[in-house]
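A.B. asks: Okay, so here is final35.cif, and as you'll see once you scroll down, it has mmCIF, C-alpha atoms.
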```
data_work
#
loop_
_atom_site.label_atom_id
_atom_site.label_comp_id
_atom_site.auth_asym_id
_atom_site.auth_seq_id
_atom_site.Cartn_x
_atom_site.Cartn_y
_atom_site.Cartn_z
CA MET A 1 -10.48 -83.29 -124.29
CA ASN A 2 -6.78 -83.95 -124.55
CA PRO A 3 -5.87 -85.06 -128.03
CA ALA A 4 -2.12 -84.65 -127.75
CA VAL A 5 -0.85 -87.09 -125.18
CA ALA A 6 1.03 -89.29 -127.63
CA ASN A 7 4.22 -88.72 -125.66
CA PRO A 8 3.22 -88.37 -122.00
CA PRO A 9 5.87 -86.83 -119.75
CA VAL A 10 8.17 -89.24 -117.95
CA ALA A 11 8.60 -89.44 -114.16
CA THR A 12 6.86 -86.11 -113.55
CA PRO A 13 6.57 -86.47 -109.75
CA PHE A 14 10.27 -87.28 -109.38
CA PHE A 15 11.42 -84.24 -111.36
CA PHE A 16 8.87 -81.98 -109.68
CA TYR A 17 10.04 -82.89 -106.21
CA LEU A 18 13.71 -82.68 -107.25
CA LEU A 19 13.32 -79.17 -108.70
CA ALA A 20 11.11 -78.09 -105.79
CA ALA A 21 13.78 -79.24 -103.32
CA VAL A 22 16.47 -77.35 -105.26
CA MET A 23 14.29 -74.23 -105.22
CA ILE A 24 13.49 -74.39 -101.49
CA ILE A 25 17.13 -75.04 -100.52
CA GLY A 26 18.32 -72.28 -102.86
CA GLY A 27 15.78 -69.81 -101.48
CA THR A 28 16.77 -70.64 -97.91
CA LEU A 29 20.44 -70.07 -98.77
CA VAL A 30 19.55 -66.71 -100.38
CA ILE A 31 18.09 -65.34 -97.17
CA THR A 32 20.62 -66.89 -94.76
CA ARG A 33 24.07 -66.45 -96.34
CA LYS A 34 26.34 -63.73 -94.99
CA ASN A 35 28.15 -63.04 -98.25
CA ALA A 36 25.96 -61.37 -100.90
CA VAL A 37 27.83 -63.19 -103.70
CA HIS A 38 26.87 -66.55 -102.22
CA SER A 39 23.26 -65.39 -102.02
CA ALA A 40 23.38 -64.38 -105.68
CA ILE A 41 24.73 -67.79 -106.71
CA ALA A 42 21.98 -69.52 -104.69
CA LEU A 43 19.38 -67.28 -106.34
CA ILE A 44 20.69 -68.20 -109.80
CA THR A 45 20.32 -71.90 -108.90
CA THR A 46 16.76 -71.26 -107.76
CA LEU A 47 15.91 -69.41 -110.99
CA LEU A 48 17.33 -72.20 -113.16
CA ALA A 49 15.33 -74.83 -111.24
CA GLN A 50 12.25 -72.68 -111.77
CA ALA A 51 12.94 -72.62 -115.51
CA GLY A 52 12.87 -76.42 -115.34
CA LEU A 53 9.46 -76.26 -113.66
CA TYR A 54 8.23 -73.96 -116.45
CA LEU A 55 9.28 -76.61 -118.95
CA MET A 56 7.31 -79.18 -116.98
CA LEU A 57 4.29 -76.85 -117.20
CA TYR A 58 4.65 -76.76 -121.01
CA ALA A 59 5.80 -73.13 -121.06
CA PRO A 60 9.08 -73.29 -123.04
CA PHE A 61 9.02 -69.62 -124.03
CA VAL A 62 8.68 -68.44 -120.44
CA ALA A 63 11.45 -70.88 -119.47
CA GLY A 64 13.75 -69.37 -122.09
CA VAL A 65 12.91 -65.84 -121.00
CA GLN A 66 13.55 -66.87 -117.40
CA ILE A 67 17.04 -68.18 -118.21
CA ILE A 68 18.09 -65.40 -120.59
CA LEU A 69 16.59 -62.44 -118.74
CA TYR A 70 16.71 -63.49 -115.09
CA ALA A 71 19.72 -65.77 -114.77
CA GLY A 72 21.59 -64.05 -117.59
CA GLY A 73 20.61 -60.40 -117.25
CA ILE A 74 19.27 -59.40 -113.86
CA MET A 75 21.63 -61.59 -111.85
CA VAL A 76 24.68 -60.30 -113.74
CA LEU A 77 23.48 -56.79 -112.86
CA PHE A 78 23.25 -57.86 -109.21
CA LEU A 79 26.76 -59.33 -109.27
CA PHE A 80 28.17 -56.16 -110.85
CA VAL A 81 26.63 -54.01 -108.12
CA ILE A 82 27.88 -56.38 -105.40
CA MET A 83 31.37 -55.94 -106.80
CA LEU A 84 31.02 -52.14 -107.00
CA ILE A 85 30.11 -51.78 -103.33
CA SER A 86 32.61 -53.06 -100.81
CA ILE A 87 31.33 -56.11 -98.96
CA GLU A 88 34.18 -56.44 -96.45
CA ARG A 89 32.58 -54.09 -93.95
CA SER A 90 29.11 -55.58 -94.13
CA LEU A 91 30.55 -59.06 -93.57
CA LYS A 92 31.64 -58.09 -90.07
CA GLU A 93 28.33 -56.50 -89.10
CA ARG A 94 25.11 -57.95 -87.80
CA GLN A 95 23.22 -59.63 -90.63
CA PHE A 96 19.69 -59.46 -89.25
CA ASN A 97 17.94 -56.33 -88.04
CA LYS A 98 16.33 -55.76 -84.68
CA GLN A 99 12.81 -56.58 -85.83
CA TRP A 100 13.72 -60.07 -87.02
CA LEU A 101 11.43 -61.80 -84.51
CA ILE A 102 8.43 -59.66 -85.49
CA GLY A 103 9.28 -60.29 -89.13
CA ILE A 104 9.27 -64.05 -88.67
CA VAL A 105 5.99 -63.90 -86.71
CA ALA A 106 4.40 -61.85 -89.52
CA ALA A 107 5.66 -64.33 -92.12
CA ALA A 108 4.30 -67.21 -90.02
CA ALA A 109 0.89 -65.50 -89.91
CA LEU A 110 1.01 -65.18 -93.70
CA GLY A 111 1.95 -68.87 -93.94
CA ALA A 112 -1.02 -69.80 -91.73
CA LEU A 113 -3.22 -67.79 -94.10
CA PHE A 114 -1.83 -69.73 -97.09
CA ILE A 115 -2.41 -73.06 -95.35
CA GLY A 116 -5.94 -71.99 -94.46
CA VAL A 117 -6.74 -71.01 -98.04
CA TYR A 118 -5.23 -74.10 -99.63
CA THR A 119 -7.00 -76.50 -97.28
CA THR A 120 -10.40 -74.81 -97.41
CA THR A 121 -13.03 -77.08 -98.90
CA THR A 122 -16.32 -76.07 -100.46
CA LYS A 123 -18.81 -78.88 -101.02
CA GLY A 124 -16.11 -81.42 -100.26
CA ARG A 125 -13.61 -80.09 -102.82
CA VAL A 126 -10.56 -77.91 -102.31
CA LEU A 127 -10.70 -74.43 -103.83
CA PHE A 128 -7.88 -75.10 -106.24
CA PRO A 129 -7.87 -77.84 -108.87
CA GLU A 130 -6.08 -81.09 -108.21
CA GLY A 131 -5.82 -82.55 -111.68
CA ARG A 132 -4.58 -81.19 -114.98
CA VAL A 133 -4.66 -81.99 -118.68
CA SER A 134 -1.72 -82.49 -121.00
CA TYR A 135 -1.14 -80.66 -124.26
CA VAL A 136 1.89 -80.61 -126.52
CA GLU A 137 3.83 -77.37 -126.50
CA SER A 138 4.63 -77.10 -130.21
CA GLN A 139 2.64 -73.90 -130.76
CA ASN A 140 3.42 -72.19 -127.49
CA THR A 141 5.69 -69.38 -128.70
CA GLN A 142 3.49 -68.58 -131.70
CA GLN A 143 0.40 -68.41 -129.51
CA ILE A 144 2.08 -66.07 -127.03
CA ALA A 145 3.13 -63.88 -129.96
CA ALA A 146 -0.46 -63.90 -131.24
CA LEU A 147 -1.73 -62.72 -127.86
CA LEU A 148 0.90 -59.97 -127.78
CA PHE A 149 1.06 -58.75 -131.38
CA ASP A 150 -1.83 -60.03 -133.49
CA GLN A 151 -4.20 -57.42 -134.91
CA HIS A 152 -7.36 -59.27 -133.96
CA LEU A 153 -6.25 -61.58 -131.15
CA GLY A 154 -3.74 -59.17 -129.63
CA THR A 155 -5.37 -58.62 -126.27
CA TYR A 156 -2.15 -57.41 -124.71
CA MET A 157 -0.78 -55.16 -127.45
CA PHE A 158 -1.40 -51.96 -125.50
CA ALA A 159 0.09 -53.45 -122.33
CA PHE A 160 3.13 -54.48 -124.36
CA GLU A 161 3.68 -50.92 -125.55
CA ILE A 162 3.26 -49.62 -122.00
CA ALA A 163 5.87 -52.16 -120.87
CA SER A 164 8.35 -50.72 -123.36
CA LEU A 165 7.64 -47.25 -121.96
CA LEU A 166 8.23 -48.62 -118.44
CA LEU A 167 11.60 -50.00 -119.51
CA LEU A 168 12.56 -46.64 -121.01
CA VAL A 169 11.67 -44.90 -117.75
CA ALA A 170 13.67 -47.51 -115.83
CA ILE A 171 16.73 -46.96 -118.04
CA ILE A 172 16.60 -43.19 -117.55
CA GLY A 173 15.94 -43.58 -113.82
CA ALA A 174 18.85 -45.97 -113.33
CA VAL A 175 21.25 -43.66 -115.17
CA VAL A 176 20.06 -40.61 -113.22
CA MET A 177 20.39 -42.45 -109.91
CA ALA A 178 23.78 -44.02 -110.52
CA LYS A 179 25.55 -41.11 -112.20
CA LYS A 180 27.58 -38.81 -110.01
CA ARG A 181 26.88 -35.59 -111.96
CA ILE A 182 24.43 -35.29 -114.82
CA MET B 1 2.10 -92.78 -108.76
CA LEU B 2 0.43 -89.60 -107.59
CA ASP B 3 0.13 -87.05 -110.37
CA ILE B 4 1.44 -83.53 -109.87
CA SER B 5 -1.51 -81.12 -109.75
CA THR B 6 -1.84 -77.35 -109.87
CA LEU B 7 -2.05 -77.36 -106.09
CA HIS B 8 1.50 -78.72 -105.82
CA TYR B 9 2.81 -75.73 -107.76
CA LEU B 10 0.74 -73.34 -105.65
CA VAL B 11 2.15 -74.75 -102.41
CA LEU B 12 5.71 -74.45 -103.77
CA GLY B 13 4.96 -70.87 -104.82
CA ALA B 14 3.62 -70.08 -101.35
CA ALA B 15 6.76 -71.51 -99.73
CA LEU B 16 9.02 -69.40 -101.96
CA PHE B 17 6.88 -66.33 -101.28
CA LEU B 18 7.28 -66.87 -97.53
CA LEU B 19 11.05 -67.24 -97.87
CA GLY B 20 11.12 -63.95 -99.76
CA VAL B 21 8.97 -62.20 -97.15
CA ILE B 22 11.24 -63.43 -94.35
CA GLY B 23 14.26 -62.16 -96.27
CA VAL B 24 12.72 -58.73 -96.84
CA LEU B 25 11.64 -58.35 -93.21
CA THR B 26 14.76 -59.61 -91.45
CA ARG B 27 17.90 -58.91 -93.50
CA ARG B 28 19.93 -55.70 -93.16
CA ASN B 29 21.89 -55.89 -96.40
CA VAL B 30 19.99 -53.98 -99.12
CA VAL B 31 21.33 -56.23 -101.89
CA ILE B 32 19.90 -59.31 -100.21
CA VAL B 33 16.60 -57.50 -99.60
CA LEU B 34 16.40 -56.82 -103.35
CA MET B 35 17.18 -60.49 -104.06
CA SER B 36 14.36 -61.50 -101.69
CA ILE B 37 12.01 -59.29 -103.70
CA GLU B 38 13.11 -61.24 -106.79
CA LEU B 39 12.21 -64.45 -104.92
CA ILE B 40 8.70 -63.07 -104.23
CA LEU B 41 8.20 -62.08 -107.88
CA ASN B 42 9.32 -65.54 -108.99
CA ALA B 43 6.87 -67.22 -106.63
CA VAL B 44 4.07 -65.17 -108.21
CA ASN B 45 5.32 -66.12 -111.68
CA LEU B 46 5.25 -69.81 -110.81
CA ASN B 47 1.62 -69.46 -109.68
CA LEU B 48 0.71 -67.59 -112.88
CA VAL B 49 2.21 -70.22 -115.16
CA ALA B 50 0.59 -73.04 -113.18
CA PHE B 51 -2.81 -71.35 -113.45
CA SER B 52 -2.20 -70.79 -117.16
CA ARG B 53 -1.65 -74.54 -117.48
CA TYR B 54 -4.95 -75.23 -115.72
CA TRP B 55 -6.77 -72.62 -117.82
CA GLN B 56 -5.44 -74.30 -120.97
CA GLY B 57 -7.05 -77.53 -119.80
CA ILE B 58 -10.43 -75.76 -119.77
CA HIS B 59 -10.25 -73.31 -122.69
CA GLY B 60 -7.92 -75.01 -125.14
CA PRO B 61 -4.19 -74.69 -125.80
CA SER B 62 -4.28 -71.06 -126.98
CA ALA B 63 -5.48 -69.68 -123.63
CA LEU B 64 -2.04 -68.52 -122.52
CA HIS B 65 -2.94 -65.40 -120.55
CA GLY B 66 -1.06 -66.52 -117.46
CA GLN B 67 2.17 -66.97 -119.38
CA VAL B 68 1.80 -63.53 -120.98
CA PHE B 69 1.32 -62.09 -117.50
CA ALA B 70 4.44 -63.92 -116.31
CA ILE B 71 6.40 -62.24 -119.11
CA PHE B 72 5.09 -58.84 -118.03
CA VAL B 73 6.08 -59.60 -114.44
CA ILE B 74 9.61 -60.47 -115.62
CA THR B 75 9.73 -57.11 -117.46
CA ASP B 76 8.70 -55.32 -114.27
CA ALA B 77 11.32 -57.25 -112.29
CA ALA B 78 14.03 -56.11 -114.71
CA ALA B 79 12.94 -52.46 -114.41
CA GLU B 80 12.71 -52.73 -110.63
CA ALA B 81 16.17 -54.29 -110.34
CA ALA B 82 17.75 -51.60 -112.53
CA VAL B 83 16.21 -48.68 -110.60
CA GLY B 84 16.71 -50.34 -107.20
CA LEU B 85 20.38 -51.01 -107.81
CA GLY B 86 20.82 -47.45 -109.12
CA ILE B 87 19.35 -46.11 -105.89
CA LEU B 88 21.61 -48.48 -103.96
CA ILE B 89 24.72 -47.14 -105.73
CA ALA B 90 23.68 -43.54 -105.01
CA PHE B 91 23.04 -44.43 -101.36
CA PHE B 92 26.37 -46.22 -101.01
CA ARG B 93 28.19 -43.24 -102.50
CA ASN B 94 26.71 -40.92 -99.87
CA LYS B 95 26.73 -43.12 -96.77
CA GLU B 96 29.39 -45.79 -97.36
CA THR B 97 27.07 -48.52 -96.10
CA VAL B 98 24.50 -50.98 -97.46
CA ASN B 99 22.41 -51.42 -94.31
CA VAL B 100 18.69 -50.67 -94.47
CA ASP B 101 18.77 -49.51 -90.84
CA GLU B 102 20.82 -46.51 -91.85
CA VAL B 103 18.39 -45.32 -94.50
CA HIS B 104 16.59 -42.78 -92.33
CA LEU B 105 16.85 -39.51 -94.25
CA LEU B 106 13.09 -38.91 -94.03
CA LYS B 107 12.74 -39.94 -90.38
CA TRP B 108 12.40 -37.44 -87.58
#
```
Mind converting the file's structure to structure tokens?
C.D. replies:
Amino acid sequence: MNPAVANPPVATPFFFYLLAAVMIIGGTLVITRKNAVHSAIALITTLLAQAGLYLMLYAPFVAGVQIILYAGGIMVLFLFVIMLISIERSLKERQFNKQWLIGIVAAAALGALFIGVYTTTTKGRVLFPEGRVSYVESQNTQQIAALLFDQHLGTYMFAFEIASLLLLVAIIGAVVMAKKRI
Amino acid sequence: MLDISTLHYLVLGAALFLLGVIGVLTRRNVVIVLMSIELILNAVNLNLVAFSRYWQGIHGPSALHGQVFAIFVITDAAAEAAVGLGILIAFFRNKETVNVDEVHLLKW
């Protein structure tokens, strides 16, 4: 079943829990910091830790896209906008809105739902799998490209083209929104 | 030592999703609300890649549909961030504030 475990990963639990702790702490800082720049830095840390988790899941292409596009592109866009709008005034104001208690109760209900789903057992087994199999990642990028572009295998070719159209619409929309006079 | 299973990744994804939901529901600063939405999208991505890993264990190493979906989600996140921040700039130009409470043009 798994022919390619010549080099099994080293200390997987340690690195998983390390990266998971970085992600949880970073996410908590994102939603609690007063200064939006600090939140952005915490979010970048979270995204980089998540790229590490992608590598542990043998998804090097997605990890690269995560670093280049998220940490490199989207977060720079966020930082630019934070610098365009003045943050001095919002630093002095209330940071949480009036419905914060209801919001936390709703999130807790959602969390209870998650716990319920993940602990549900059918015939003595949990719904979601507990074990996994190891494969080497040498062909990962080529196989993703085959799914996206290949004439016969390319299941997602149409969706890929639609995604490019979506990006075009987003570019035009962003320019229209941000420009003072068109 | 206990091996890390798909369920571990799912629980981490659920925790990140909850953090994002709390951020969206409680913060007033629009920039931080948008960042919380990014947190939610990333939680979903983590789940997708973990499921892709599990699916590979069943259907062979070329069954990468979850990773392709994660790439599409990243594309959507980029489009959403660009348009959202454009709207935010337009809003800030008109109202001189970044609080969601003061976005009530369509309220009566």
A.B. asks: If the PyMOL selection byres ((chain A and resi 175-181) around 9) were run on this exact file, what residues would it hold? Put them as a list of chain:residue names.
C.D. replies: A:Ala170, A:Ile171, A:Ile172, A:Gly173, A:Ala174, A:Ile182, B:Val83, B:Leu85, B:Gly86, B:Ile87, B:Leu88, B:Ile89, B:Ala90, B:Arg93
A.B. asks: In Å, how far is it from atom CA of B:Trp55 to atom CA of A:Thr12?
C.D. replies: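 Taking atom CA of B:Trp55 and atom CA of A:Thr12, their separation equals 19.6 Å.
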A.B. asks: Separation of atom CA of A:Leu127 and atom CA of B:Glu38, in Å?
C.D. replies: 27.4 Å
A.B. asks: As an NGL selection string, please: the residues near stretch 76-87 of chain A (cut-off 12 Å, only C-alpha atoms, same-chain neighbours under 6 positions excluded).
C.D. replies: (:A and (34-41 or 43-44 or 67-70 or 93 or 174 or 178)) or (:B and (29-35 or 38 or 78-99))
A.B. asks: Distance atom CA of A:Val62-atom CA of A:Met23, one decimal place?
C.D. replies: 17.2 Å
A.B. asks: Within 12 Å of (-0.4, -55.4, -121.4) in the file's own coordinates, which protein, DNA or RNA residues have an atom, counting all atoms listed in the file? List them as a count of residues only.
C.D. replies: 26
A.B. asks: Residues at most 9 Å from B:Leu39, counting only C-alpha atoms, excluding those fewer than 6 positions away in the same chain, as a list in words?
C.D. replies: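 The filter keeps Gly27, Val30, Leu43, Thr46 and Leu47 of chain A; Leu16, Phe17, Leu19, Gly20 and Val21 of chain B.
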A.B. asks: Which residue gives the smallest distance to chain A among B:Leu10, B:Lys107, B:Gly60, B:Thr26, with all atoms listed in the file counted?
C.D. replies: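 Distance minimum relative to chain A lands on B:Thr26.
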A.B. asks: Residue by residue, what does the PyMOL selection byres ((chain A) within 7 of (chain B)) grab here? Present the result as a PDB file with C-alpha atoms, in the frame of the given file.
C.D. replies:
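Generated output (expr-v1.pdb):
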```pdb
ATOM      1  CA  PRO A  13       6.570 -86.470-109.750  1.00  0.00           C
ATOM      2  CA  ALA A  20      11.110 -78.090-105.790  1.00  0.00           C
ATOM      3  CA  ILE A  24      13.490 -74.390-101.490  1.00  0.00           C
ATOM      4  CA  GLY A  27      15.780 -69.810-101.480  1.00  0.00           C
ATOM      5  CA  THR A  28      16.770 -70.640 -97.910  1.00  0.00           C
ATOM      6  CA  ILE A  31      18.090 -65.340 -97.170  1.00  0.00           C
ATOM      7  CA  ALA A  36      25.960 -61.370-100.900  1.00  0.00           C
ATOM      8  CA  LEU A  57       4.290 -76.850-117.200  1.00  0.00           C
ATOM      9  CA  VAL A  62       8.680 -68.440-120.440  1.00  0.00           C
ATOM     10  CA  ILE A  74      19.270 -59.400-113.860  1.00  0.00           C
ATOM     11  CA  VAL A  81      26.630 -54.010-108.120  1.00  0.00           C
ATOM     12  CA  GLN A  95      23.220 -59.630 -90.630  1.00  0.00           C
ATOM     13  CA  PHE A  96      19.690 -59.460 -89.250  1.00  0.00           C
ATOM     14  CA  ASN A  97      17.940 -56.330 -88.040  1.00  0.00           C
ATOM     15  CA  GLN A  99      12.810 -56.580 -85.830  1.00  0.00           C
ATOM     16  CA  TRP A 100      13.720 -60.070 -87.020  1.00  0.00           C
ATOM     17  CA  GLY A 103       9.280 -60.290 -89.130  1.00  0.00           C
ATOM     18  CA  ILE A 104       9.270 -64.050 -88.670  1.00  0.00           C
ATOM     19  CA  ALA A 107       5.660 -64.330 -92.120  1.00  0.00           C
ATOM     20  CA  GLY A 111       1.950 -68.870 -93.940  1.00  0.00           C
ATOM     21  CA  PHE A 114      -1.830 -69.730 -97.090  1.00  0.00           C
ATOM     22  CA  PHE A 128      -7.880 -75.100-106.240  1.00  0.00           C
ATOM     23  CA  PRO A 129      -7.870 -77.840-108.870  1.00  0.00           C
ATOM     24  CA  GLU A 130      -6.080 -81.090-108.210  1.00  0.00           C
ATOM     25  CA  GLY A 131      -5.820 -82.550-111.680  1.00  0.00           C
ATOM     26  CA  ARG A 132      -4.580 -81.190-114.980  1.00  0.00           C
ATOM     27  CA  VAL A 133      -4.660 -81.990-118.680  1.00  0.00           C
ATOM     28  CA  TYR A 135      -1.140 -80.660-124.260  1.00  0.00           C
ATOM     29  CA  GLN A 143       0.400 -68.410-129.510  1.00  0.00           C
ATOM     30  CA  ILE A 144       2.080 -66.070-127.030  1.00  0.00           C
ATOM     31  CA  LEU A 167      11.600 -50.000-119.510  1.00  0.00           C
ATOM     32  CA  ALA A 170      13.670 -47.510-115.830  1.00  0.00           C
ATOM     33  CA  GLY A 173      15.940 -43.580-113.820  1.00  0.00           C
ATOM     34  CA  ALA A 174      18.850 -45.970-113.330  1.00  0.00           C
ATOM     35  CA  MET A 177      20.390 -42.450-109.910  1.00  0.00           C
ATOM     36  CA  ALA A 178      23.780 -44.020-110.520  1.00  0.00           C
TER      37      ALA A 178
END
```
A.B. asks: How about completing stretch 150-161 of chain A with N, CA and C atoms and giving it to me as a PDB file, in the frame of the given file?
C.D. replies:
```
ATOM      1  N   ASP A 150      -0.889 -59.841-132.401  1.00  0.00           N
ATOM      2  CA  ASP A 150      -1.830 -60.030-133.490  1.00  0.00           C
ATOM      3  C   ASP A 150      -2.869 -58.923-133.527  1.00  0.00           C
ATOM      4  N   GLN A 151      -3.267 -58.536-134.767  1.00  0.00           N
ATOM      5  CA  GLN A 151      -4.200 -57.420-134.910  1.00  0.00           C
ATOM      6  C   GLN A 151      -5.561 -57.716-134.288  1.00  0.00           C
ATOM      7  N   HIS A 152      -6.013 -58.958-134.428  1.00  0.00           N
ATOM      8  CA  HIS A 152      -7.360 -59.270-133.960  1.00  0.00           C
ATOM      9  C   HIS A 152      -7.337 -59.965-132.613  1.00  0.00           C
ATOM     10  N   LEU A 153      -6.337 -60.848-132.410  1.00  0.00           N
ATOM     11  CA  LEU A 153      -6.250 -61.580-131.150  1.00  0.00           C
ATOM     12  C   LEU A 153      -5.486 -60.810-130.087  1.00  0.00           C
ATOM     13  N   GLY A 154      -4.732 -59.768-130.529  1.00  0.00           N
ATOM     14  CA  GLY A 154      -3.740 -59.170-129.630  1.00  0.00           C
ATOM     15  C   GLY A 154      -4.319 -58.452-128.450  1.00  0.00           C
ATOM     16  N   THR A 155      -4.754 -59.211-127.447  1.00  0.00           N
ATOM     17  CA  THR A 155      -5.370 -58.620-126.270  1.00  0.00           C
ATOM     18  C   THR A 155      -4.402 -57.724-125.526  1.00  0.00           C
ATOM     19  N   TYR A 156      -3.116 -58.071-125.591  1.00  0.00           N
ATOM     20  CA  TYR A 156      -2.150 -57.410-124.710  1.00  0.00           C
ATOM     21  C   TYR A 156      -1.227 -56.464-125.472  1.00  0.00           C
ATOM     22  N   MET A 157      -1.647 -56.024-126.661  1.00  0.00           N
ATOM     23  CA  MET A 157      -0.780 -55.160-127.450  1.00  0.00           C
ATOM     24  C   MET A 157      -0.501 -53.838-126.736  1.00  0.00           C
ATOM     25  N   PHE A 158      -1.558 -53.232-126.202  1.00  0.00           N
ATOM     26  CA  PHE A 158      -1.400 -51.960-125.500  1.00  0.00           C
ATOM     27  C   PHE A 158      -0.502 -52.128-124.277  1.00  0.00           C
ATOM     28  N   ALA A 159      -0.742 -53.205-123.514  1.00  0.00           N
ATOM     29  CA  ALA A 159       0.090 -53.450-122.330  1.00  0.00           C
ATOM     30  C   ALA A 159       1.543 -53.654-122.728  1.00  0.00           C
ATOM     31  N   PHE A 160       1.768 -54.271-123.881  1.00  0.00           N
ATOM     32  CA  PHE A 160       3.130 -54.480-124.360  1.00  0.00           C
ATOM     33  C   PHE A 160       3.819 -53.148-124.625  1.00  0.00           C
ATOM     34  N   GLU A 161       3.088 -52.228-125.278  1.00  0.00           N
ATOM     35  CA  GLU A 161       3.680 -50.920-125.550  1.00  0.00           C
ATOM     36  C   GLU A 161       3.969 -50.178-124.250  1.00  0.00           C
TER      37      GLU A 161
END
```
